Amino acid sequence: MARDTTDETPLNSVSELSDYLASGARPEDEFRLGTEHEKFAFFFADNSPVPYEGEASISALLTGMQQKLGWDPIMDRDNIIGLGERSGMGAISIEPGGQFELSGAPLETIHQTCAESNRHLDVLREVAEPMGIHFLGIGGSPKWTLDETPRMPKSRYEIMSRYMPKVGTQGLDMMYRTCTIQVNLDFSSEMDMARKMRVSMKLQPLATALFSSSPFTEGKPNGLLSWRGDIWRDTDNNRSGLLPFVFDADFGFNDYVEWALDVPMYFVVRDGRYHDCTHVTFRQFMNGALKGEIADWEPTLGDWTNHLSTLFPDVRLKKFLEMRGADGGPWRRICALPAFWVGLLYDEGALAAAEELTAGWSYEDVLALRNAVPAKALKAEIAGRPLIDVAREVVNISRAGLAARNRLNGEGQDETVFLATLDEVLAKKATMADDLLMLYHGRWQGSVEPIFDQYKY
């Protein structure tokens, strides 16, 4: 999650909000990809969670990484809550339950983003090992209760924690007990944005299925393959999930803005202080609703940027597109997730093929799939077709798109090598969650404890 901004450029009209999104458009030869991944920090002596404070802690990890990397600390009050690379191209942040996140720099190839993640993990291990800390790549916290999970001293999270139970049943689980891998991608125009957002919104449940890795809760099977996917079904449906208007042929920036305007806000930041604004929408804020409540009540571009970061649809629109459907996972999946989406969306032939494949899928079809996938994963169906058959076709489209890009590494390999993880899932007809459950009921003898050793980074 990016740092909150304090850009004080005043906002005077709704059109400026659309203009902000449109300003993200860039020529195709300048397209980049930014990969983010989260992981659970734990003490390998007893598989317990890592607190924020102390000699061996989340804050100590951040301080140690700052010393190794020379990045600038990001502070909230007197607490270190992240690090920013000085050019603004990368960041390390913490999620509400101490999940440790790398927000990668905008890079040209999957080879580069994979190398970046590996470098990050190497440095992080150097800092963490002396503290007795390891990291788990998985979509949902397999053992700790909500009460056992630490809370990070980040102002936005304090506001969210108060608000989430008012608007859904699983918001706190989302905040404190899930991890994801995400890729951020560019668009060249409003039309290009709309095509990519429509296709990726339709295919996001497929990504959830392919990357399912959260079958355990509090030490036992939870009856799901993607607990994280199920959590997002009732977190805060005013700001989450599928957006029906994206399925419309004339969808554009203004439609997203009009929706975002009527979503309740979380906060505004003034002089480093967070003001709880969950009682007003951004539209009401634009119309003066905070006049008399805070001194600097006029909306700014920073407020809009922050508000966009508190919206959680399956595909999020900022000045780029964020693919948000996948569970977290082991290191190979940090490379597989961006490869999957780049192959589909960054080649015209692949994008057209994906559009054709999904053209007949209605909002209702995709919603039904989204509801089925947490429990069934690749055994679900879409528009009368087995999802695993669709998955094979989509992965092959992605493969063709990556091959057409022809971005080679030093050994002459193109980016299709990063789809191997998904090829294995399809060949076995089993997700990572299926594999974990087989281990739990077999070699692990009904315990989740071995997951911390066998799936650590």
# chains A, B, ... in the order shown; residues from 1 in each chain; ligands from 1

call {"tool": "residues_around", "arguments": {"residues": "Ala60 of chain A", "least_positions_apart": "3", "cutoff": "10 Å", "atoms": "only C-alpha atoms", "output": "PyMOL selection string"}}
result
chain A and resi 51-57+63-66+80+127-128+131

call {"tool": "closest_residue", "arguments": {"among": "A:Val417, A:Ile133, A:Met164, A:Leu261", "to": "Ala336 of chain A", "atoms": "only C-alpha atoms"}}
result
A:Val417

call {"tool": "residues_around", "arguments": {"residues": "Lys154 of chain A", "least_positions_apart": "3", "cutoff": "10 Å", "atoms": "only C-alpha atoms", "output": "count of residues only"}}
result
14

call {"tool": "residues_around", "arguments": {"residues": "segment 281-286 of chain A", "least_positions_apart": "4", "cutoff": "12 Å", "atoms": "only C-alpha atoms", "output": "MDAnalysis selection string"}}
result
chainID A and resid 10:14 16:17 238:239 257:268 276:277 290:294 296:301 303:308 310:311

call {"tool": "residues_around", "arguments": {"residues": "segment 380-385 of chain A", "least_positions_apart": "3", "cutoff": "9 Å", "atoms": "only C-alpha atoms", "output": "PDB file with N, CA and C atoms, in the first residue's frame"}}
result
ATOM      1  N   ALA A 209      -8.720 -18.307  -8.525  1.00  0.00           N
ATOM      2  CA  ALA A 209      -8.701 -19.769  -8.566  1.00  0.00           C
ATOM      3  C   ALA A 209      -7.289 -20.304  -8.774  1.00  0.00           C
ATOM      4  N   GLY A 360     -19.003 -12.938 -24.190  1.00  0.00           N
ATOM      5  CA  GLY A 360     -20.366 -13.317 -23.827  1.00  0.00           C
ATOM      6  C   GLY A 360     -20.621 -13.399 -22.341  1.00  0.00           C
ATOM      7  N   TRP A 361     -19.605 -13.096 -21.515  1.00  0.00           N
ATOM      8  CA  TRP A 361     -19.776 -13.183 -20.068  1.00  0.00           C
ATOM      9  C   TRP A 361     -20.462 -11.933 -19.537  1.00  0.00           C
ATOM     10  N   SER A 362     -21.590 -12.111 -18.924  1.00  0.00           N
ATOM     11  CA  SER A 362     -22.304 -10.979 -18.330  1.00  0.00           C
ATOM     12  C   SER A 362     -21.787 -10.707 -16.922  1.00  0.00           C
ATOM     13  N   ASP A 365     -22.812 -13.529 -14.787  1.00  0.00           N
ATOM     14  CA  ASP A 365     -21.962 -14.712 -14.954  1.00  0.00           C
ATOM     15  C   ASP A 365     -20.693 -14.598 -14.119  1.00  0.00           C
ATOM     16  N   VAL A 366     -20.050 -13.447 -14.212  1.00  0.00           N
ATOM     17  CA  VAL A 366     -18.780 -13.266 -13.510  1.00  0.00           C
ATOM     18  C   VAL A 366     -19.012 -13.214 -12.000  1.00  0.00           C
ATOM     19  N   ALA A 368     -21.353 -14.789 -10.360  1.00  0.00           N
ATOM     20  CA  ALA A 368     -21.572 -16.172  -9.929  1.00  0.00           C
ATOM     21  C   ALA A 368     -20.247 -16.918  -9.823  1.00  0.00           C
ATOM     22  N   LEU A 369     -19.344 -16.678 -10.774  1.00  0.00           N
ATOM     23  CA  LEU A 369     -18.026 -17.300 -10.711  1.00  0.00           C
ATOM     24  C   LEU A 369     -17.254 -16.809  -9.496  1.00  0.00           C
ATOM     25  N   ALA A 372     -18.380 -18.552  -6.490  1.00  0.00           N
ATOM     26  CA  ALA A 372     -18.111 -19.997  -6.452  1.00  0.00           C
ATOM     27  C   ALA A 372     -16.637 -20.319  -6.233  1.00  0.00           C
ATOM     28  N   VAL A 373     -15.753 -19.468  -6.726  1.00  0.00           N
ATOM     29  CA  VAL A 373     -14.319 -19.775  -6.752  1.00  0.00           C
ATOM     30  C   VAL A 373     -13.699 -19.997  -5.368  1.00  0.00           C
ATOM     31  N   ALA A 375     -14.588 -21.591  -2.820  1.00  0.00           N
ATOM     32  CA  ALA A 375     -14.757 -22.974  -2.394  1.00  0.00           C
ATOM     33  C   ALA A 375     -14.336 -23.977  -3.457  1.00  0.00           C
ATOM     34  N   LYS A 376     -14.573 -23.639  -4.729  1.00  0.00           N
ATOM     35  CA  LYS A 376     -14.370 -24.618  -5.796  1.00  0.00           C
ATOM     36  C   LYS A 376     -13.112 -24.401  -6.612  1.00  0.00           C
ATOM     37  N   ALA A 377     -12.580 -23.194  -6.632  1.00  0.00           N
ATOM     38  CA  ALA A 377     -11.402 -22.857  -7.446  1.00  0.00           C
ATOM     39  C   ALA A 377     -11.618 -23.328  -8.884  1.00  0.00           C
ATOM     40  N   ILE A 388     -11.548 -24.853 -15.451  1.00  0.00           N
ATOM     41  CA  ILE A 388     -10.196 -25.335 -15.778  1.00  0.00           C
ATOM     42  C   ILE A 388      -9.967 -25.313 -17.288  1.00  0.00           C
ATOM     43  N   ASP A 389     -11.017 -25.552 -18.078  1.00  0.00           N
ATOM     44  CA  ASP A 389     -10.873 -25.463 -19.534  1.00  0.00           C
ATOM     45  C   ASP A 389     -10.614 -24.018 -19.954  1.00  0.00           C
ATOM     46  N   VAL A 390     -11.338 -23.105 -19.340  1.00  0.00           N
ATOM     47  CA  VAL A 390     -11.118 -21.683 -19.612  1.00  0.00           C
ATOM     48  C   VAL A 390      -9.710 -21.287 -19.189  1.00  0.00           C
TER      49      VAL A 390
END

call {"tool": "closest_residue", "arguments": {"among": "A:Lys220, A:Lys202, A:Arg443, A:Arg270", "to": "Glu364 of chain A", "atoms": "only C-alpha atoms"}}
result
A:Lys202
